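work09.tsv follows; it contains TSV, C-alpha atoms and all ligand atoms.
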```
chain	number	residue	atom	x	y	z
A	430	MET	CA	23.54	-3.35	-17.32
A	431	ASP	CA	20.20	-1.83	-18.38
A	432	ARG	CA	18.02	-4.33	-16.56
A	433	MET	CA	16.06	-3.29	-13.51
A	434	LEU	CA	15.83	-5.19	-10.25
A	435	VAL	CA	13.13	-4.69	-7.62
A	436	ILE	CA	14.01	-6.13	-4.21
A	437	ALA	CA	10.66	-7.05	-2.69
A	438	GLU	CA	9.50	-6.03	0.76
A	439	ALA	CA	10.25	-8.82	3.25
A	440	GLN	CA	7.12	-10.92	3.45
A	441	ASP	CA	5.62	-14.15	4.59
A	442	GLY	CA	5.63	-16.66	1.71
A	443	GLY	CA	1.94	-17.46	2.27
A	444	ALA	CA	0.77	-13.84	2.04
A	445	PRO	CA	-0.19	-12.00	-1.15
A	446	ILE	CA	2.59	-9.94	-2.70
A	447	SER	CA	2.66	-6.73	-0.67
A	448	GLU	CA	1.30	-3.44	-1.97
A	449	ALA	CA	4.68	-1.88	-1.20
A	450	THR	CA	6.37	-4.26	-3.65
A	451	GLN	CA	3.68	-3.70	-6.30
A	452	LYS	CA	3.99	0.09	-6.04
A	453	THR	CA	7.75	-0.23	-6.43
A	454	LEU	CA	7.20	-2.29	-9.58
A	455	ALA	CA	4.99	0.55	-10.86
A	456	ALA	CA	7.89	2.99	-10.39
A	457	ALA	CA	10.28	0.58	-12.13
A	458	ARG	CA	7.98	0.30	-15.14
A	459	LYS	CA	7.91	4.09	-15.36
A	460	ILE	CA	11.71	4.02	-15.77
A	461	GLY	CA	10.98	1.70	-18.61
A	462	SER	CA	14.42	0.75	-19.91
A	463	GLY	CA	15.48	-2.88	-20.09
A	464	GLY	CA	13.81	-5.90	-18.51
A	465	LEU	CA	12.40	-6.09	-15.02
A	466	ASP	CA	13.31	-8.75	-12.45
A	467	LEU	CA	11.95	-9.27	-8.96
A	468	LEU	CA	13.95	-10.64	-6.04
A	469	PHE	CA	12.59	-12.10	-2.80
A	470	VAL	CA	14.47	-12.91	0.37
A	471	GLY	CA	12.71	-15.06	2.96
A	472	ALA	CA	11.66	-18.55	4.03
A	473	GLY	CA	8.99	-20.81	2.50
A	474	LEU	CA	8.63	-18.80	-0.70
A	475	ASP	CA	7.49	-21.65	-2.97
A	476	SER	CA	4.09	-20.18	-3.78
A	477	LEU	CA	5.52	-16.81	-4.77
A	478	SER	CA	6.31	-17.82	-8.34
A	479	GLU	CA	2.61	-18.32	-9.09
A	480	LYS	CA	1.71	-15.01	-7.46
A	481	ALA	CA	4.52	-13.14	-9.22
A	482	GLY	CA	3.10	-14.40	-12.54
A	483	SER	CA	0.19	-12.01	-12.16
A	484	LEU	CA	2.43	-8.95	-11.87
A	485	ALA	CA	2.58	-7.12	-15.18
A	486	GLY	CA	6.04	-6.41	-16.52
A	487	VAL	CA	8.03	-8.85	-14.38
A	488	GLU	CA	10.22	-11.12	-16.52
A	489	ARG	CA	12.17	-13.18	-14.00
A	490	VAL	CA	11.94	-13.93	-10.30
A	491	PHE	CA	14.89	-14.73	-8.04
A	492	VAL	CA	14.51	-16.11	-4.53
A	493	PHE	CA	16.90	-16.50	-1.66
A	494	ASP	CA	14.84	-18.99	0.31
A	495	ASP	CA	16.20	-20.42	3.55
A	496	PRO	CA	14.77	-21.04	7.05
A	497	ARG	CA	17.43	-18.69	8.46
A	498	LEU	CA	15.88	-15.91	6.37
A	499	ALA	CA	12.42	-16.13	7.98
A	500	HIS	CA	13.07	-12.72	9.55
A	501	PRO	CA	15.78	-11.20	7.37
A	502	THR	CA	17.71	-8.27	8.80
A	503	ALA	CA	19.04	-5.44	6.65
A	504	THR	CA	22.67	-6.49	7.08
A	505	MET	CA	21.84	-10.03	5.98
A	506	VAL	CA	19.86	-8.91	2.94
A	507	ALA	CA	22.34	-6.30	1.73
A	508	GLY	CA	25.21	-8.81	1.90
A	509	LEU	CA	23.18	-11.54	0.26
A	510	VAL	CA	21.89	-9.57	-2.74
A	511	SER	CA	24.97	-7.45	-3.46
A	512	GLU	CA	26.43	-9.79	-6.10
A	513	THR	CA	23.09	-10.07	-7.92
A	514	ALA	CA	22.47	-6.30	-7.69
A	515	ARG	CA	25.89	-5.47	-9.14
A	516	SER	CA	24.84	-6.50	-12.65
A	517	TYR	CA	21.78	-4.20	-12.82
A	518	GLY	CA	21.36	-0.69	-14.18
A	519	HIS	CA	18.61	0.15	-11.64
A	520	VAL	CA	17.88	-1.38	-8.23
A	521	LEU	CA	14.68	-0.31	-6.49
A	522	MET	CA	13.16	-0.94	-3.07
A	523	PRO	CA	9.97	0.26	-1.39
A	524	GLY	CA	10.43	3.26	0.92
A	525	THR	CA	9.34	1.18	3.94
A	526	SER	CA	11.44	0.85	7.08
A	527	PHE	CA	12.82	-2.37	5.54
A	528	GLY	CA	13.77	-0.72	2.22
A	529	ARG	CA	15.19	2.33	3.97
A	530	ASP	CA	17.33	0.04	6.08
A	531	VAL	CA	18.57	-2.27	3.33
A	532	LEU	CA	19.26	0.02	0.38
A	533	PRO	CA	21.78	2.42	1.99
A	534	ARG	CA	23.74	-0.65	3.12
A	535	LEU	CA	23.62	-2.06	-0.39
A	536	ALA	CA	24.75	1.30	-1.79
A	537	GLY	CA	27.67	1.21	0.64
A	538	LEU	CA	28.66	-2.29	-0.48
A	539	LEU	CA	28.42	-1.30	-4.17
A	540	LYS	CA	30.17	2.02	-3.45
A	541	VAL	CA	27.53	4.09	-5.29
A	542	PRO	CA	25.20	6.87	-4.13
A	543	MET	CA	21.46	6.27	-3.76
A	544	VAL	CA	18.33	8.35	-4.25
A	545	SER	CA	15.70	8.08	-1.53
A	546	ASP	CA	12.01	8.96	-1.41
A	547	VAL	CA	11.33	9.10	-5.16
A	548	LEU	CA	7.96	10.74	-5.92
A	549	GLU	CA	8.21	10.78	-9.68
A	550	VAL	CA	10.36	9.34	-12.45
A	551	LEU	CA	11.19	12.12	-14.94
A	552	GLU	CA	13.80	10.23	-16.99
A	553	ALA	CA	15.66	6.97	-16.48
A	554	ARG	CA	18.28	8.81	-14.39
A	555	VAL	CA	16.28	11.87	-13.32
A	556	PHE	CA	13.92	11.76	-10.35
A	557	LYS	CA	11.75	14.05	-8.30
A	558	ARG	CA	12.15	13.48	-4.58
A	559	GLY	CA	11.00	15.08	-1.36
A	560	ILE	CA	13.32	16.90	1.01
A	561	TYR	CA	12.66	18.78	4.28
A	562	ALA	CA	10.14	16.11	5.28
A	563	GLY	CA	8.44	16.26	1.89
A	564	ASN	CA	7.75	20.00	2.06
A	565	VAL	CA	10.11	20.77	-0.83
A	566	HIS	CA	10.49	18.80	-4.05
A	567	THR	CA	13.85	18.60	-5.72
A	568	VAL	CA	14.99	17.07	-9.00
A	569	VAL	CA	18.12	14.93	-8.95
A	570	ARG	CA	20.15	13.31	-11.72
A	571	VAL	CA	22.28	10.20	-11.21
A	572	PRO	CA	25.53	10.45	-13.25
A	573	ASP	CA	26.03	8.05	-16.17
A	574	GLY	CA	28.18	4.97	-15.75
A	575	ILE	CA	26.98	3.90	-12.29
A	576	PRO	CA	23.96	1.84	-11.21
A	577	VAL	CA	20.93	3.78	-9.99
A	578	LEU	CA	19.75	2.75	-6.51
A	579	LEU	CA	16.49	4.21	-5.28
A	580	THR	CA	13.71	3.89	-2.72
A	581	VAL	CA	10.17	4.77	-3.72
A	582	ARG	CA	7.87	6.99	-1.66
A	583	LEU	CA	4.85	4.68	-1.44
A	584	ALA	CA	2.22	7.37	-0.88
A	585	SER	CA	3.04	8.78	-4.34
A	586	TRP	CA	2.47	5.54	-6.28
A	587	ARG	CA	-0.57	3.37	-6.89
A	588	VAL	CA	-0.82	-0.41	-7.11
A	589	PRO	CA	-0.96	-1.15	-10.86
A	590	GLU	CA	-4.33	-2.44	-12.04
A	591	GLU	CA	-2.86	-4.23	-15.05
A	592	ARG	CA	-2.40	-7.99	-14.46
A	593	SER	CA	-0.81	-10.71	-16.54
A	594	ASN	CA	-0.88	-14.50	-16.46
A	595	ASN	CA	2.62	-15.27	-17.58
A	596	ALA	CA	4.49	-18.29	-16.33
A	597	ILE	CA	7.54	-16.59	-14.89
A	598	PRO	CA	10.72	-18.60	-14.43
A	599	VAL	CA	11.80	-18.66	-10.80
A	600	GLU	CA	15.47	-19.05	-10.08
A	601	ARG	CA	16.48	-20.17	-6.61
A	602	ARG	CA	19.77	-18.55	-5.65
A	603	PRO	CA	22.16	-20.42	-3.34
A	604	VAL	CA	22.24	-19.09	0.21
A	605	PRO	CA	25.78	-19.22	1.64
A	606	ALA	CA	26.55	-21.14	4.81
A	607	HIS	CA	27.68	-17.92	6.46
A	608	LEU	CA	25.17	-15.06	6.74
A	609	ASP	CA	25.95	-11.70	8.30
A	610	GLU	CA	24.28	-12.07	11.69
A	611	SER	CA	25.81	-9.00	13.31
A	612	ALA	CA	22.19	-7.88	13.83
A	613	ARG	CA	19.75	-10.59	14.83
A	614	PHE	CA	15.96	-10.80	14.89
A	615	LEU	CA	14.66	-11.21	18.44
A	616	GLU	CA	10.91	-10.62	18.47
A	617	LEU	CA	8.04	-9.18	16.46
A	618	ALA	CA	5.54	-7.33	18.67
A	619	VAL	CA	2.28	-7.26	16.71
A	620	ASP	CA	-0.44	-4.76	17.53
A	621	SER	CA	-3.50	-6.79	18.53
A	622	THR	CA	-6.07	-4.19	17.41
A	623	VAL	CA	-8.61	-5.32	14.85
A	624	ARG	CA	-8.74	-1.90	13.21
A	625	PRO	CA	-7.25	-1.42	9.74
A	626	ASP	CA	-3.56	-0.66	9.64
A	627	LEU	CA	-2.92	3.10	9.66
A	628	GLN	CA	-0.36	2.94	6.87
A	629	SER	CA	-2.60	1.16	4.36
A	630	ALA	CA	-6.15	2.05	5.52
A	631	ARG	CA	-8.58	3.56	2.99
A	632	ARG	CA	-10.12	5.72	5.73
A	633	VAL	CA	-8.41	7.37	8.69
A	634	VAL	CA	-10.06	9.23	11.58
A	635	SER	CA	-7.50	11.33	13.40
A	636	GLY	CA	-7.54	13.39	16.59
A	637	GLY	CA	-5.46	16.18	18.07
A	638	ARG	CA	-4.72	17.90	21.34
A	639	ALA	CA	-8.31	19.13	21.49
A	640	LEU	CA	-9.51	15.65	22.48
A	641	GLY	CA	-8.16	16.49	25.94
A	642	SER	CA	-7.83	12.97	27.39
A	643	ARG	CA	-7.38	9.30	26.57
A	644	GLU	CA	-11.00	8.69	27.60
A	645	ASN	CA	-12.21	11.30	25.12
A	646	PHE	CA	-10.08	9.68	22.43
A	647	ALA	CA	-12.35	6.64	22.77
A	648	LEU	CA	-15.10	8.75	21.20
A	649	LEU	CA	-12.95	9.14	18.11
A	650	GLU	CA	-12.18	5.42	18.11
A	651	LYS	CA	-15.91	4.70	18.16
A	652	LEU	CA	-16.36	6.81	15.04
A	653	ALA	CA	-13.39	5.08	13.40
A	654	ASP	CA	-14.93	1.67	14.11
A	655	ARG	CA	-18.27	2.71	12.66
A	656	LEU	CA	-16.52	3.89	9.49
A	657	ASN	CA	-14.20	0.87	9.38
A	658	ALA	CA	-11.32	3.35	9.56
A	659	ALA	CA	-7.88	3.36	11.13
A	660	VAL	CA	-7.17	5.78	13.98
A	661	GLY	CA	-4.49	8.46	13.68
A	662	ALA	CA	-3.27	11.22	15.98
A	663	SER	CA	-1.28	14.42	15.97
A	664	ARG	CA	2.01	14.53	17.81
A	665	ALA	CA	0.46	16.76	20.48
A	666	ALA	CA	-2.15	14.04	21.16
A	667	VAL	CA	0.56	11.38	21.29
A	668	ASP	CA	2.85	13.45	23.53
A	669	ALA	CA	-0.05	14.09	25.90
A	670	GLY	CA	-0.63	10.32	26.15
A	671	TYR	CA	-4.08	10.32	24.51
A	672	ALA	CA	-2.95	7.97	21.74
A	673	SER	CA	-0.09	5.54	21.26
A	674	ASN	CA	3.07	6.52	19.49
A	675	ASP	CA	2.49	4.25	16.45
A	676	LEU	CA	-0.65	6.25	15.59
A	677	GLN	CA	1.22	9.50	15.00
A	678	VAL	CA	0.72	10.99	11.56
A	679	GLY	CA	3.23	13.44	10.10
A	680	GLN	CA	6.86	14.25	9.59
A	681	THR	CA	8.06	12.20	12.55
A	682	GLY	CA	5.14	9.77	12.35
A	683	LYS	CA	3.55	7.99	9.42
A	684	ILE	CA	3.18	9.42	5.92
A	685	ILE	CA	-0.17	8.14	4.66
A	686	ALA	CA	-2.35	8.39	1.56
A	687	PRO	CA	-5.87	7.22	2.48
A	688	GLU	CA	-8.91	7.93	0.33
A	689	LEU	CA	-10.49	9.77	3.28
A	690	TYR	CA	-8.71	11.57	6.12
A	691	MET	CA	-10.84	13.11	8.87
A	692	ALA	CA	-9.03	15.48	11.24
A	693	PHE	CA	-10.75	16.41	14.51
A	694	GLY	CA	-9.25	19.17	16.64
A	695	ILE	CA	-5.98	19.23	14.71
A	696	SER	CA	-4.60	22.70	13.91
A	697	GLY	CA	-2.77	21.67	10.73
A	698	ALA	CA	0.87	22.37	11.62
A	699	ILE	CA	3.23	21.85	8.67
A	700	GLN	CA	4.76	18.79	10.33
A	701	HIS	CA	1.32	17.15	10.54
A	702	VAL	CA	0.22	18.15	7.04
A	703	THR	CA	3.39	16.58	5.63
A	704	GLY	CA	1.92	13.20	6.55
A	705	ILE	CA	-1.41	13.64	4.74
A	706	ARG	CA	-0.54	15.56	1.59
A	707	ASP	CA	-1.38	12.58	-0.63
A	708	ALA	CA	-4.74	11.83	1.02
A	709	ARG	CA	-7.46	11.98	-1.62
A	710	THR	CA	-10.12	13.77	0.45
A	711	ILE	CA	-9.41	15.66	3.68
A	712	VAL	CA	-12.22	16.60	6.07
A	713	ALA	CA	-11.40	18.94	8.96
A	714	VAL	CA	-13.44	19.79	12.04
A	715	ASN	CA	-12.04	22.61	14.13
A	716	LYS	CA	-13.66	25.31	16.23
A	717	ASP	CA	-11.19	27.94	15.04
A	718	PRO	CA	-12.16	29.20	11.55
A	719	GLU	CA	-8.56	30.43	11.07
A	720	ALA	CA	-6.98	27.00	11.74
A	721	PRO	CA	-4.39	26.22	8.99
A	722	ILE	CA	-5.89	22.77	8.45
A	723	PHE	CA	-8.75	24.44	6.54
A	724	LYS	CA	-6.25	25.57	3.87
A	725	ILE	CA	-5.68	21.99	2.76
A	726	ALA	CA	-9.08	20.50	3.65
A	727	ASP	CA	-11.49	19.57	0.86
A	728	PHE	CA	-14.36	19.86	3.35
A	729	GLY	CA	-14.17	21.96	6.49
A	730	LEU	CA	-16.59	22.31	9.37
A	731	VAL	CA	-16.15	25.02	11.99
A	732	GLY	CA	-17.51	23.44	15.12
A	733	ASP	CA	-16.90	21.69	18.41
A	734	LEU	CA	-15.76	18.12	17.86
A	735	PHE	CA	-17.59	17.05	21.04
A	736	GLU	CA	-20.83	18.03	19.33
A	737	VAL	CA	-19.91	16.98	15.79
A	738	ILE	CA	-18.73	13.42	16.53
A	739	PRO	CA	-21.91	12.41	18.43
A	740	GLU	CA	-23.96	13.91	15.57
A	741	LEU	CA	-21.98	11.87	13.04
A	742	LEU	CA	-22.43	8.71	15.12
A	743	LYS	CA	-26.16	9.40	15.30
A	744	ALA	CA	-26.38	9.94	11.53
A	745	ILE	CA	-24.48	6.69	10.89
A	746	GLY	CA	-26.76	4.87	13.36
A	747	GLN	CA	-29.84	6.18	11.53
A	748	GLY	CA	-28.37	5.13	8.20
A	749	THR	CA	-28.30	8.70	6.82
A	750	LEU	CA	-24.49	8.47	6.62
A	751	GLN	CA	-22.35	5.45	5.78
A	801	LIG	C1	10.68	18.47	14.40
A	801	LIG	C2	9.20	18.40	14.62
A	801	LIG	C3	8.53	17.30	14.15
A	801	LIG	C4	7.14	17.20	14.34
A	801	LIG	N1	6.47	16.10	13.86
A	801	LIG	C5	5.12	16.06	13.97
A	801	LIG	C6	4.38	14.97	13.43
A	801	LIG	O1	4.93	14.00	12.87
A	801	LIG	N2	3.04	14.99	13.54
A	801	LIG	C7	2.36	16.01	14.16
A	801	LIG	O2	1.11	15.97	14.23
A	801	LIG	N3	3.05	17.04	14.69
A	801	LIG	C8	4.41	17.09	14.64
A	801	LIG	N4	5.07	18.13	15.22
A	801	LIG	C9	4.32	19.04	16.09
A	801	LIG	C10	3.54	20.10	15.33
A	801	LIG	O3	4.37	21.21	15.12
A	801	LIG	C11	2.31	20.56	16.15
A	801	LIG	O4	2.73	21.01	17.41
A	801	LIG	C12	1.26	19.48	16.35
A	801	LIG	O5	0.93	18.89	15.12
A	801	LIG	C13	0.01	20.11	16.97
A	801	LIG	O6	-0.92	19.12	17.25
A	801	LIG	P1	-2.47	19.50	17.33
A	801	LIG	O7	-2.91	20.05	16.04
A	801	LIG	O8	-3.17	18.32	17.87
A	801	LIG	O9	-2.48	20.59	18.50
A	801	LIG	P2	-2.72	22.16	18.45
A	801	LIG	O10	-1.80	22.82	17.50
A	801	LIG	O11	-2.72	22.61	19.86
A	801	LIG	O12	-4.17	22.30	17.82
A	801	LIG	C14	-5.35	21.93	18.47
A	801	LIG	C15	-6.50	22.39	17.58
A	801	LIG	O13	-7.73	21.96	18.11
A	801	LIG	C16	-8.70	22.98	17.95
A	801	LIG	N5	-9.72	22.74	18.97
A	801	LIG	C17	-9.65	22.94	20.31
A	801	LIG	N6	-10.76	22.51	20.92
A	801	LIG	C18	-11.58	22.04	19.93
A	801	LIG	C19	-12.87	21.45	19.94
A	801	LIG	N7	-13.53	21.23	21.07
A	801	LIG	N8	-13.41	21.09	18.75
A	801	LIG	C20	-12.76	21.30	17.57
A	801	LIG	N9	-11.52	21.84	17.51
A	801	LIG	C21	-10.93	22.20	18.70
A	801	LIG	C22	-7.93	24.28	18.12
A	801	LIG	O14	-8.63	25.33	17.45
A	801	LIG	C23	-6.61	23.92	17.45
A	801	LIG	O15	-6.63	24.26	16.07
A	801	LIG	C24	6.45	18.23	15.03
A	801	LIG	C25	7.16	19.35	15.49
A	801	LIG	C26	8.51	19.42	15.29
A	801	LIG	C27	9.23	20.64	15.79
```
Please re-express this file's structure in structure tokens.
Ligand SMILES: Cc1cc2nc3c(=O)[nH]c(=O)nc-3n(C[C@H](O)[C@H](O)[C@H](O)COP(=O)(O)OP(=O)(O)OC[C@H]3O[C@@H](n4cnc5c(N)ncnc54)[C@H](O)[C@@H]3O)c2cc1C
Amino acid sequence: MDRMLVIAEAQDGGAPISEATQKTLAAARKIGSGGLDLLFVGAGLDSLSEKAGSLAGVERVFVFDDPRLAHPTATMVAGLVSETARSYGHVLMPGTSFGRDVLPRLAGLLKVPMVSDVLEVLEARVFKRGIYAGNVHTVVRVPDGIPVLLTVRLASWRVPEERSNNAIPVERRPVPAHLDESARFLELAVDSTVRPDLQSARRVVSGGRALGSRENFALLEKLADRLNAAVGASRAAVDAGYASNDLQVGQTGKIIAPELYMAFGISGAIQHVTGIRDARTIVAVNKDPEAPIFKIADFGLVGDLFEVIPELLKAIGQGTLQ
């Protein structure tokens, strides 16, 4: 009952084990009690056992591997793993859209509550989590005698540096003939941009309403490309059609934790700041010295972005900035 189970982020068998899964393992190790097992659901997962061997702390790996699980849906996964999950003291998933979709369903099947968005493990049953879009932290305790189900807020955890080279036993679990296909995978629309992914990028260059047009947003994209950064946007910029919806950063967009976040012409509304609280260094450029973004910025520059960005591009071109 004391063992912990991490259900991995859905992933292609050929890809490296996702950062989301590794961060969730970090949270599990912080809980610390009992052994730690890792469970994958997917198709063509043969090479995962070797990769899982490098993950510190993992003792056993279970796989549900079947061609029908190439694109597992939340209903399928919750039904499939419920029997396995039942025997664990803690079940964890990454706070990705996949984890946030699967775990509440699993909690429903097991008839237990769940804790979402865990920022910090205080004790084995006591967690700090964000509420009101991460603007308030609250401490919750899961009562004794029931399994603890939780999703992990990825921006608050780091990929563990510690590696091991254990040979981990991999147990293939039988996949039943009948899978819950009440929701079915139809299509994956992949963004064709070559820029780093906003959610995992080390650097993000973000623009707000002040950009004024989609054409002007291209200036920001040029800077992002020179810095090998992802592009982000405020909701005002997205609503005005300057940037696509998937680039929105904030409460109703993406919560990110890059090493560098550069905000151009973004006022710093609470709903935007919610998305960048865990960024390591925040740089803000705004022509209003009273803009709230300066309260959280590590470096602030009062100025016109239409002058500052060309200057930055020039400095990068001359090699005085990299
Ligand atoms: C329920 C809810 C959810 C929301 N979710 C989100 C969310 O996820 N993400 C989000 O971003 N917002 C969100 N919002 C909207 C949020 O409240 C703000 O309206 C929005 O963030 C403002 O975007 P902005 O900073 O680009 O625009 P503005 O607030 O209009 O700020 C523009 C800034 O640009 C500066 N500026 C103007 N011209 C220049 C120039 N030439 N050079 C430099 N600076 C200049 C101005 O001084 C100003 O500070 C949400 C709101 C609600 C109610």
Review point. Quick one: of A:Phe646, A:His500, A:Glu688, A:Asp431, who's nearest to A:Glu610, counting all atoms listed in the file?
Key: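 Of the candidates, the smallest distance to A:Glu610 is held by A:His500.
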**Study point:** Selection: 9 Å around A:Leu548, only C-alpha atoms, excl. self and same-chain fewer than 5 positions, as a list in words
**Key:**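 My list of contacting residues is Ala456, Phe556, Lys557, Arg558, Gly559, His566, Val581, Arg582, Leu583, Ala584, Ser585 and Trp586 of chain A.
Minimum atom-to-atom distances from A:Pro533, A:Gly694, A:Asn594, A:Val577 to A:Ser516 were compared using only C-alpha atoms, and the lowest value belongs to A:Val577.
Distance check against ligand LIG 801 (chain A) using all atoms listed in the file: of A:Arg638, A:Arg706, A:Arg643, A:Arg655, the minimum falls on A:Arg638.
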Using only C-alpha atoms and all ligand atoms, determine which residues fall within 9 Å of ligand LIG 801 (chain A), then list them as a CSV table (one decimal) with C-alpha atoms, in the frame of the given file.
```csv
chain,number,residue,atom,x,y,z
A,636,GLY,CA,-7.5,13.4,16.6
A,637,GLY,CA,-5.5,16.2,18.1
A,638,ARG,CA,-4.7,17.9,21.3
A,639,ALA,CA,-8.3,19.1,21.5
A,640,LEU,CA,-9.5,15.6,22.5
A,641,GLY,CA,-8.2,16.5,25.9
A,662,ALA,CA,-3.3,11.2,16.0
A,663,SER,CA,-1.3,14.4,16.0
A,664,ARG,CA,2.0,14.5,17.8
A,665,ALA,CA,0.5,16.8,20.5
A,666,ALA,CA,-2.2,14.0,21.2
A,667,VAL,CA,0.6,11.4,21.3
A,677,GLN,CA,1.2,9.5,15.0
A,678,VAL,CA,0.7,11.0,11.6
A,679,GLY,CA,3.2,13.4,10.1
A,680,GLN,CA,6.9,14.2,9.6
A,681,THR,CA,8.1,12.2,12.6
A,682,GLY,CA,5.1,9.8,12.4
A,683,LYS,CA,3.6,8.0,9.4
A,684,ILE,CA,3.2,9.4,5.9
A,693,PHE,CA,-10.8,16.4,14.5
A,694,GLY,CA,-9.2,19.2,16.6
A,695,ILE,CA,-6.0,19.2,14.7
A,696,SER,CA,-4.6,22.7,13.9
A,697,GLY,CA,-2.8,21.7,10.7
A,698,ALA,CA,0.9,22.4,11.6
A,699,ILE,CA,3.2,21.8,8.7
A,700,GLN,CA,4.8,18.8,10.3
A,701,HIS,CA,1.3,17.2,10.5
A,702,VAL,CA,0.2,18.2,7.0
A,703,THR,CA,3.4,16.6,5.6
A,704,GLY,CA,1.9,13.2,6.6
A,714,VAL,CA,-13.4,19.8,12.0
A,715,ASN,CA,-12.0,22.6,14.1
A,716,LYS,CA,-13.7,25.3,16.2
A,717,ASP,CA,-11.2,27.9,15.0
A,718,PRO,CA,-12.2,29.2,11.6
A,719,GLU,CA,-8.6,30.4,11.1
A,720,ALA,CA,-7.0,27.0,11.7
A,721,PRO,CA,-4.4,26.2,9.0
A,722,ILE,CA,-5.9,22.8,8.4
A,731,VAL,CA,-16.2,25.0,12.0
A,732,GLY,CA,-17.5,23.4,15.1
A,733,ASP,CA,-16.9,21.7,18.4
A,734,LEU,CA,-15.8,18.1,17.9
A,735,PHE,CA,-17.6,17.0,21.0
A,736,GLU,CA,-20.8,18.0,19.3
A,737,VAL,CA,-19.9,17.0,15.8
```
Practice item. Find the residue from A:Leu521, A:Ala658, A:Leu578, A:Ile446 that sits nearest to A:Glu479; use only C-alpha atoms when measuring. Key: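 Among the listed residues, A:Ile446 lies closest to A:Glu479.
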Exercise for review: Identify which of the residues A:Val571, A:Ala618, A:Leu468, A:Leu649 lies closest to A:Ala514, counting only C-alpha atoms when measuring atom-to-atom distances.
Suggested key: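 Among A:Val571, A:Ala618, A:Leu468, A:Leu649, it is A:Leu468 that comes nearest to A:Ala514.
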Check your understanding: Please, what distance in Å, to one decimal, runs between atom CA of A:Ala713 and atom CA of A:Val633?
Key ->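 Answer for the atom CA of A:Ala713 to atom CA of A:Val633 separation: 12.0 Å.
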